[in-house]
$ cat my_file12.csv   # CSV, C-alpha atoms and all ligand atoms
chain,number,residue,atom,x,y,z
T,59,MET,CA,0.0,0.0,0.0
T,60,GLN,CA,1.5,3.3,-1.0
T,61,ILE,CA,1.0,5.8,1.8
T,62,ASN,CA,2.1,9.4,1.9
T,63,PRO,CA,1.3,10.4,5.5
T,64,HIS,CA,0.2,14.0,4.8
T,65,LEU,CA,-2.9,13.5,6.8
T,66,GLY,CA,-2.4,11.1,9.7
T,67,ILE,CA,-4.0,10.4,13.1
T,68,SER,CA,-2.1,9.0,16.0
T,69,GLN,CA,-3.4,7.6,19.3
T,70,LEU,CA,-6.5,9.7,19.1
T,71,ASN,CA,-9.1,9.3,21.9
T,72,VAL,CA,-12.3,11.4,22.1
T,73,HIS,CA,-14.6,11.4,25.1
T,74,ILE,CA,-17.9,13.4,25.2
T,75,GLY,CA,-19.0,13.6,28.8
T,76,ASP,CA,-18.3,10.2,30.3
T,77,GLN,CA,-18.8,8.3,27.0
T,78,GLN,CA,-15.7,7.3,24.9
T,79,ILE,CA,-16.7,8.0,21.3
T,80,LEU,CA,-13.3,7.3,19.6
T,81,LYS,CA,-10.9,4.7,20.8
T,82,ASN,CA,-7.2,4.8,20.0
T,83,ILE,CA,-7.5,5.8,16.4
T,84,ASN,CA,-4.3,5.4,14.4
T,85,ILE,CA,-4.3,5.8,10.6
T,86,ASN,CA,-2.3,7.4,7.8
T,87,PHE,CA,-4.6,8.5,4.9
T,88,PRO,CA,-3.3,7.8,1.4
T,89,ASN,CA,-2.6,10.9,-0.5
T,90,LYS,CA,-4.5,11.8,-3.7
T,91,ALA,CA,-7.0,9.0,-3.3
T,92,ILE,CA,-10.5,8.5,-2.0
T,93,THR,CA,-10.6,6.8,1.4
T,94,ALA,CA,-14.2,5.8,2.4
T,95,ILE,CA,-15.1,5.6,6.1
T,96,ILE,CA,-17.8,3.0,6.5
T,97,GLY,CA,-19.6,1.5,9.5
T,98,PRO,CA,-23.0,1.3,11.3
T,99,SER,CA,-24.8,4.5,12.4
T,100,GLY,CA,-23.4,5.8,15.7
T,101,CYS,CA,-19.9,4.1,15.3
T,102,GLY,CA,-18.1,7.5,15.3
T,103,LYS,CA,-17.7,8.3,11.6
T,104,THR,CA,-18.9,11.9,11.9
T,105,THR,CA,-16.9,12.5,15.1
T,106,LEU,CA,-13.8,11.2,13.5
T,107,LEU,CA,-14.2,13.5,10.5
T,108,LYS,CA,-14.8,16.5,12.9
T,109,THR,CA,-11.6,15.8,14.7
T,110,MET,CA,-9.8,16.5,11.4
T,111,ASN,CA,-10.7,20.1,11.1
T,112,ARG,CA,-11.3,20.8,14.8
T,113,LEU,CA,-15.1,21.2,14.4
T,114,ILE,CA,-15.3,18.6,17.2
T,115,GLU,CA,-14.3,21.4,19.7
T,116,ASN,CA,-17.8,22.9,19.3
T,117,SER,CA,-19.3,19.9,21.1
T,118,ARG,CA,-19.9,20.4,24.8
T,119,GLY,CA,-18.0,18.3,27.3
T,120,VAL,CA,-15.5,17.0,24.7
T,121,ASN,CA,-12.0,15.8,25.7
T,122,ILE,CA,-9.5,15.0,23.0
T,123,THR,CA,-6.1,13.3,23.4
T,124,GLY,CA,-3.7,12.3,20.6
T,125,LYS,CA,-2.7,13.9,17.4
T,126,VAL,CA,-4.1,14.8,14.0
T,127,LEU,CA,-1.1,15.5,11.8
T,128,ILE,CA,-1.1,17.4,8.5
T,129,ASN,CA,2.3,17.4,6.9
T,130,GLY,CA,3.7,16.4,10.3
T,131,GLN,CA,2.1,19.3,12.2
T,132,ASN,CA,-0.3,18.5,14.9
T,133,ILE,CA,-3.4,20.6,14.2
T,134,TYR,CA,-4.2,20.7,18.0
T,135,ASP,CA,-0.8,22.3,18.8
T,136,ASP,CA,0.5,24.0,15.7
T,137,TYR,CA,-2.5,25.8,14.3
T,138,GLU,CA,-3.4,28.7,16.4
T,139,ASP,CA,-5.7,30.2,13.9
T,140,LEU,CA,-8.4,27.9,12.5
T,141,THR,CA,-8.7,29.9,9.3
T,142,SER,CA,-5.4,28.6,8.0
T,143,LEU,CA,-6.3,25.1,9.0
T,144,ARG,CA,-9.7,25.2,7.4
T,145,LYS,CA,-8.1,26.6,4.2
T,146,LYS,CA,-6.4,23.3,3.9
T,147,MET,CA,-9.6,21.4,4.4
T,148,GLY,CA,-12.8,21.6,2.4
T,149,LEU,CA,-15.8,20.2,4.2
T,150,LEU,CA,-18.9,19.0,2.5
T,151,ALA,CA,-21.7,18.3,5.0
T,152,GLN,CA,-24.6,16.0,4.8
T,153,ARG,CA,-27.0,18.8,3.9
T,154,PRO,CA,-26.0,21.7,1.7
T,155,THR,CA,-25.2,24.9,3.6
T,156,PRO,CA,-25.4,27.7,1.0
T,157,LEU,CA,-24.8,31.3,2.2
T,158,PRO,CA,-27.8,33.6,1.9
T,159,MET,CA,-26.5,35.4,-1.1
T,160,SER,CA,-26.2,34.9,-4.9
T,161,ILE,CA,-24.8,31.8,-6.6
T,162,TYR,CA,-21.8,33.8,-7.7
T,163,ALA,CA,-21.2,35.3,-4.3
T,164,ASN,CA,-21.3,31.8,-2.7
T,165,VAL,CA,-18.5,30.5,-5.0
T,166,VAL,CA,-16.2,33.5,-4.6
T,167,PHE,CA,-16.9,34.0,-0.9
T,168,GLY,CA,-13.7,32.2,0.4
T,169,LEU,CA,-11.6,33.9,-2.3
T,170,LYS,CA,-12.7,37.3,-1.2
T,171,LEU,CA,-12.1,36.4,2.4
T,172,HIS,CA,-8.6,35.6,1.4
T,173,GLY,CA,-8.1,39.0,-0.2
T,174,ILE,CA,-8.7,38.4,-3.9
T,175,LYS,CA,-10.5,41.4,-5.3
T,176,ASP,CA,-9.9,41.3,-9.1
T,177,GLU,CA,-13.3,40.7,-10.6
T,178,LYS,CA,-11.8,39.0,-13.7
T,179,ILE,CA,-9.9,36.5,-11.5
T,180,LEU,CA,-13.0,35.9,-9.4
T,181,GLN,CA,-15.1,35.2,-12.4
T,182,GLU,CA,-12.6,32.9,-13.9
T,183,LYS,CA,-12.3,30.9,-10.7
T,184,ALA,CA,-16.1,30.8,-10.2
T,185,GLU,CA,-16.5,29.3,-13.7
T,186,LYS,CA,-13.6,26.8,-13.1
T,187,TYR,CA,-14.9,25.4,-9.8
T,188,LEU,CA,-18.6,25.4,-10.9
T,189,ARG,CA,-17.4,23.3,-13.9
T,190,ILE,CA,-15.5,20.9,-11.7
T,191,ALA,CA,-18.6,20.6,-9.5
T,192,SER,CA,-20.7,19.8,-12.6
T,193,LEU,CA,-23.0,22.8,-12.0
T,194,TRP,CA,-21.8,25.4,-14.5
T,195,ASP,CA,-24.1,24.4,-17.4
T,196,GLU,CA,-27.1,24.7,-15.1
T,197,VAL,CA,-26.3,28.1,-13.6
T,198,HIS,CA,-24.0,30.1,-15.9
T,199,ASP,CA,-26.9,32.3,-17.1
T,200,ARG,CA,-28.3,33.1,-13.7
T,201,MET,CA,-25.2,33.6,-11.5
T,202,ARG,CA,-26.8,36.6,-9.7
T,203,ASP,CA,-29.9,34.6,-8.6
T,204,PRO,CA,-30.0,33.7,-4.9
T,205,ALA,CA,-28.5,30.3,-4.1
T,206,SER,CA,-31.7,29.4,-2.3
T,207,LYS,CA,-33.5,29.2,-5.6
T,208,LEU,CA,-31.5,26.1,-6.5
T,209,SER,CA,-32.6,22.5,-5.9
T,210,ILE,CA,-31.0,20.7,-2.9
T,211,GLY,CA,-28.8,18.8,-5.2
T,212,GLN,CA,-27.7,21.9,-7.0
T,213,GLN,CA,-27.0,23.6,-3.7
T,214,GLN,CA,-24.8,20.7,-2.6
T,215,ARG,CA,-22.8,21.0,-5.9
T,216,LEU,CA,-22.6,24.8,-5.2
T,217,CYS,CA,-21.2,24.0,-1.8
T,218,LEU,CA,-18.6,21.7,-3.4
T,219,ALA,CA,-17.6,24.5,-5.8
T,220,ARG,CA,-17.4,27.0,-2.9
T,221,GLY,CA,-15.2,24.5,-0.9
T,222,LEU,CA,-12.9,23.9,-3.9
T,223,ALA,CA,-12.5,27.6,-4.7
T,224,ILE,CA,-10.4,28.1,-1.6
T,225,GLU,CA,-8.0,25.4,-3.1
T,226,PRO,CA,-7.8,23.0,-0.1
T,227,GLU,CA,-5.5,20.0,0.0
T,228,ILE,CA,-7.9,17.8,1.7
T,229,ILE,CA,-11.7,17.4,1.1
T,230,LEU,CA,-13.7,16.0,4.0
T,231,CYS,CA,-17.2,14.8,3.2
T,232,ASP,CA,-19.9,13.5,5.5
T,233,GLU,CA,-22.5,11.5,3.6
T,234,PRO,CA,-22.5,14.2,1.0
T,235,THR,CA,-25.2,12.6,-1.2
T,236,SER,CA,-27.6,11.3,1.3
T,237,ALA,CA,-30.0,14.2,0.9
T,238,LEU,CA,-29.8,14.4,-2.9
T,239,ASP,CA,-31.7,13.3,-5.9
T,240,PRO,CA,-30.0,10.5,-8.0
T,241,ILE,CA,-28.8,12.8,-10.8
T,242,SER,CA,-27.1,15.2,-8.4
T,243,SER,CA,-25.6,12.2,-6.5
T,244,LYS,CA,-24.2,10.8,-9.7
T,245,LYS,CA,-22.7,14.2,-10.6
T,246,ILE,CA,-21.1,14.6,-7.2
T,247,GLU,CA,-19.7,11.1,-7.5
T,248,GLU,CA,-18.3,12.0,-11.0
T,249,SER,CA,-16.7,15.1,-9.6
T,250,PHE,CA,-15.0,13.1,-6.8
T,251,ASN,CA,-13.6,10.7,-9.3
T,252,GLU,CA,-11.9,13.5,-11.1
T,253,LEU,CA,-10.9,15.4,-7.9
T,254,LYS,CA,-9.0,12.4,-6.5
T,255,GLN,CA,-6.2,13.0,-9.0
T,256,GLU,CA,-5.3,16.1,-7.1
T,257,TYR,CA,-6.8,15.9,-3.6
T,258,THR,CA,-6.9,13.6,-0.6
T,259,ILE,CA,-10.6,12.9,-0.1
T,260,ILE,CA,-12.1,11.4,3.1
T,261,LEU,CA,-15.6,10.2,2.4
T,262,VAL,CA,-17.9,9.1,5.2
T,263,THR,CA,-20.7,7.1,3.7
T,264,HIS,CA,-23.2,4.6,4.9
T,265,ILE,CA,-23.9,3.6,1.3
T,266,LEU,CA,-21.8,0.5,0.7
T,267,ARG,CA,-22.4,0.7,-3.1
T,268,GLN,CA,-21.1,4.2,-3.1
T,269,ALA,CA,-17.9,3.1,-1.3
T,270,ARG,CA,-17.5,0.3,-3.9
T,271,ARG,CA,-17.9,2.7,-6.8
T,272,LEU,CA,-15.6,5.4,-5.5
T,273,ALA,CA,-13.2,4.3,-2.8
T,274,ASP,CA,-9.5,3.5,-3.3
T,275,TYR,CA,-9.2,2.6,0.3
T,276,VAL,CA,-11.7,1.8,3.0
T,277,VAL,CA,-11.8,2.2,6.8
T,278,PHE,CA,-14.3,0.1,8.6
T,279,MET,CA,-15.3,1.4,12.0
T,280,TYR,CA,-17.3,-0.2,14.8
T,281,LEU,CA,-18.2,1.2,18.2
T,282,GLY,CA,-15.6,3.9,18.0
T,283,GLU,CA,-12.7,1.8,16.8
T,284,ILE,CA,-11.1,1.2,13.5
T,285,ILE,CA,-11.6,-2.5,12.9
T,286,GLU,CA,-9.9,-2.7,9.5
T,287,PHE,CA,-8.2,-0.4,6.9
T,288,GLY,CA,-6.9,-1.3,3.5
T,289,PRO,CA,-7.4,-1.1,-0.3
T,290,ALA,CA,-11.1,-1.1,-1.2
T,291,LYS,CA,-10.7,-4.3,-3.2
T,292,GLU,CA,-9.3,-6.2,-0.2
T,293,ILE,CA,-11.9,-4.9,2.2
T,294,PHE,CA,-14.7,-5.8,-0.1
T,295,GLU,CA,-13.5,-9.0,-1.5
T,296,ASN,CA,-11.2,-10.5,1.1
T,297,PRO,CA,-11.7,-8.8,4.5
T,298,LYS,CA,-9.5,-10.1,7.3
T,299,GLU,CA,-11.7,-9.4,10.3
T,300,GLN,CA,-14.9,-11.3,11.1
T,301,LEU,CA,-16.8,-8.0,11.9
T,302,THR,CA,-15.9,-6.5,8.5
T,303,LYS,CA,-17.1,-9.7,6.8
T,304,GLU,CA,-20.4,-9.5,8.7
T,305,TYR,CA,-20.8,-5.8,7.9
T,306,ILE,CA,-20.0,-6.1,4.2
T,307,GLY,CA,-22.2,-9.2,4.0
T,308,GLY,CA,-25.1,-7.2,5.5
T,309,LEU,CA,-25.3,-9.3,8.7
T,310,ILE,CA,-24.9,-6.3,10.9
T,311,SER,CA,-26.1,-2.8,10.2
T,401,LIG,N1,-22.2,16.2,20.8
T,401,LIG,C1,-22.4,14.9,21.2
T,401,LIG,N2,-22.7,14.7,22.5
T,401,LIG,C2,-22.9,13.5,23.0
T,401,LIG,N3,-22.8,12.4,22.3
T,401,LIG,C3,-22.4,12.5,21.0
T,401,LIG,C4,-22.2,13.8,20.4
T,401,LIG,N4,-21.9,13.6,19.1
T,401,LIG,C5,-21.9,12.3,18.9
T,401,LIG,N5,-22.2,11.6,20.0
T,401,LIG,C6,-22.3,10.2,20.2
T,401,LIG,O1,-21.1,9.6,19.6
T,401,LIG,C7,-21.4,8.4,18.9
T,401,LIG,C8,-20.9,8.5,17.5
T,401,LIG,O2,-21.6,9.4,16.8
T,401,LIG,P1,-21.3,9.9,15.3
T,401,LIG,O3,-19.9,10.2,15.2
T,401,LIG,O4,-22.3,10.9,14.9
T,401,LIG,O5,-21.6,8.5,14.5
T,401,LIG,P2,-21.8,8.2,13.0
T,401,LIG,O6,-21.5,9.4,12.2
T,401,LIG,O7,-21.0,7.0,12.7
T,401,LIG,O8,-23.3,7.8,12.9
T,401,LIG,C9,-22.9,8.2,19.0
T,401,LIG,O9,-23.1,7.3,20.1
T,401,LIG,C10,-23.4,9.5,19.3
T,401,LIG,O10,-24.6,9.4,20.1
T,402,MG,MG,-22.6,10.6,10.9

$ encode --input "my_file12.csv" --output "C-alpha cells" --more "lines below"
Ligand SMILES: Nc1ncnc2c1ncn2[C@@H]1O[C@H](COP(=O)(O)OP(=O)(O)O)[C@@H](O)[C@H]1O
Ligand SMILES: [Mg+2]
Amino acid sequence: MQINPHLGISQLNVHIGDQQILKNININFPNKAITAIIGPSGCGKTTLLKTMNRLIENSRGVNITGKVLINGQNIYDDYEDLTSLRKKMGLLAQRPTPLPMSIYANVVFGLKLHGIKDEKILQEKAEKYLRIASLWDEVHDRMRDPASKLSIGQQQRLCLARGLAIEPEIILCDEPTSALDPISSKKIEESFNELKQEYTIILVTHILRQARRLADYVVFMYLGEIIEFGPAKEIFENPKEQLTKEYIGGLIS
C-alpha cells in the first residue's frame, strides 16, 4: 500500500461527557486518493471527521487526546488560527449549507475572504470550480440569482464548488449525497472521481455501493474503533476481520 502520510492520526481518543466516542485511532490516509469511512450508524464516523478540522471542539464536554497530523504538524498544537487550518480542508456536510447570497457570491466567498479582489480572476475561478462541481451548465446564465432558488442537489454542488474555490489540500465529506436526488448524487460522484487525481478525499458514507464505486481505500469502524483499513478491493473481496465480513455481508447494520 502506498502511503504518503500527509494526513495522519495518532493515538486519538475522544470522550464526550463520560462516554468514549473514539478509541485509540491510528491511521495514515493515502494521498491523492479517496478513502471511504464506513460503519454502522453511531460508530463514530462523523466524530472522526470532525476531529480532522477541529469542528469537534464545538461539542460540549469534549475531551481529545492524541494527534491529528497534517504534513507532520499536529493541528491541535500548531494551528493557532483555525482559518489557515480550514483553508487546507474543504468540508462537504450531509446537507447543503449555501450562504444567503447569490450563486456567484457563494462560490467566490472564500476567495474574497482571502483577499482576492480582481473581478476578472473571481469570475474565472467561479467558472472553473462550478465546472468541476458539474454545475456550470445549469447556472451560468443566472449567477446573480439567490442560491436558495437552486434545488437541494444543485445547492450541494454549489457548496462543493465553494469549498474547492479556496483550493484546499484535503476534502472531508460526511455522507454528501444522502439528501440528494439520484442525478445530483451521480454528478457529485463523478466530480469526486476527477478530484482524487489532485486531492486527498475522506468520504464518510453509509452507502456501501457508493464506497464500492468510489473508494480506493476503505476504513471500517465499529463502536468507536477502526476494525480494518486497506485497499477497497481487499476490504470488499477479502476482509480479514470477522466483523468486517459481517458488515460487508449485510449481517450487521
Ligand atoms: N455532541 C455529542 N454529545 C454526546 N454524544 C455525541 C455527540 N456527538 C456524537 N455523540 C455520540 O457519539 C457516537 C458516535 O456518533 P457519530 O460520530 O455521529 O456516529 P456516525 O457518524 O458513525 O453515525 C454516538 O453514540 C453519538 O450518540
Ligand atoms: Mg454521521

$ residues_near_ligand --input "my_file12.csv" --ligand "ligand LIG 401 (chain T)" --cutoff "10 Å" --atoms "all atoms listed in the file" --output "ChimeraX atom specification"
/T:72-80,95-108,114-120,232-233,262-264,279-282

$ residues_around --input "my_file12.csv" --residues "T:Ala191" --least-positions-apart "3" --cutoff "6 Å" --atoms "all atoms listed in the file" --output "PDB file with C-alpha atoms, in the coordinates of the input"
ATOM      1  CA  LEU T 188     -18.600  25.400 -10.900  1.00  0.00           C
ATOM      2  CA  ARG T 215     -22.800  21.000  -5.900  1.00  0.00           C
ATOM      3  CA  ALA T 219     -17.600  24.500  -5.800  1.00  0.00           C
ATOM      4  CA  SER T 249     -16.700  15.100  -9.600  1.00  0.00           C
TER       5      SER T 249
END

$ closest_residue --input "my_file12.csv" --among "T:Ile246, T:Val126, T:Ile310, T:Ile85" --to "T:Ile284" --atoms "all atoms listed in the file"
T:Ile85

$ closest_residue --input "my_file12.csv" --among "T:Ser192, T:Glu225, T:Ala184, T:Leu157" --to "T:His172" --atoms "only C-alpha atoms"
T:Glu225

$ atom_distance --input "my_file12.csv" --atom1 "atom CA of T:Gln212" --atom2 "atom CA of T:Val166"
16.5 Å

$ residues_around --input "my_file12.csv" --residues "stretch 273-275 of chain T" --least-positions-apart "5" --cutoff "10 Å" --atoms "all atoms listed in the file" --output "ChimeraX atom specification"
/T:59,87-88,90-95,250-251,254,259-261,267-268,287-293

$ residues_around --input "my_file12.csv" --residues "T:Leu149" --least-positions-apart "6" --cutoff "6 Å" --atoms "all atoms listed in the file" --output "NGL selection string"
:T and (229-231)

$ atom_distance --input "my_file12.csv" --atom1 "atom CA of T:Leu218" --atom2 "atom CA of T:Asp176"
22.2 Å
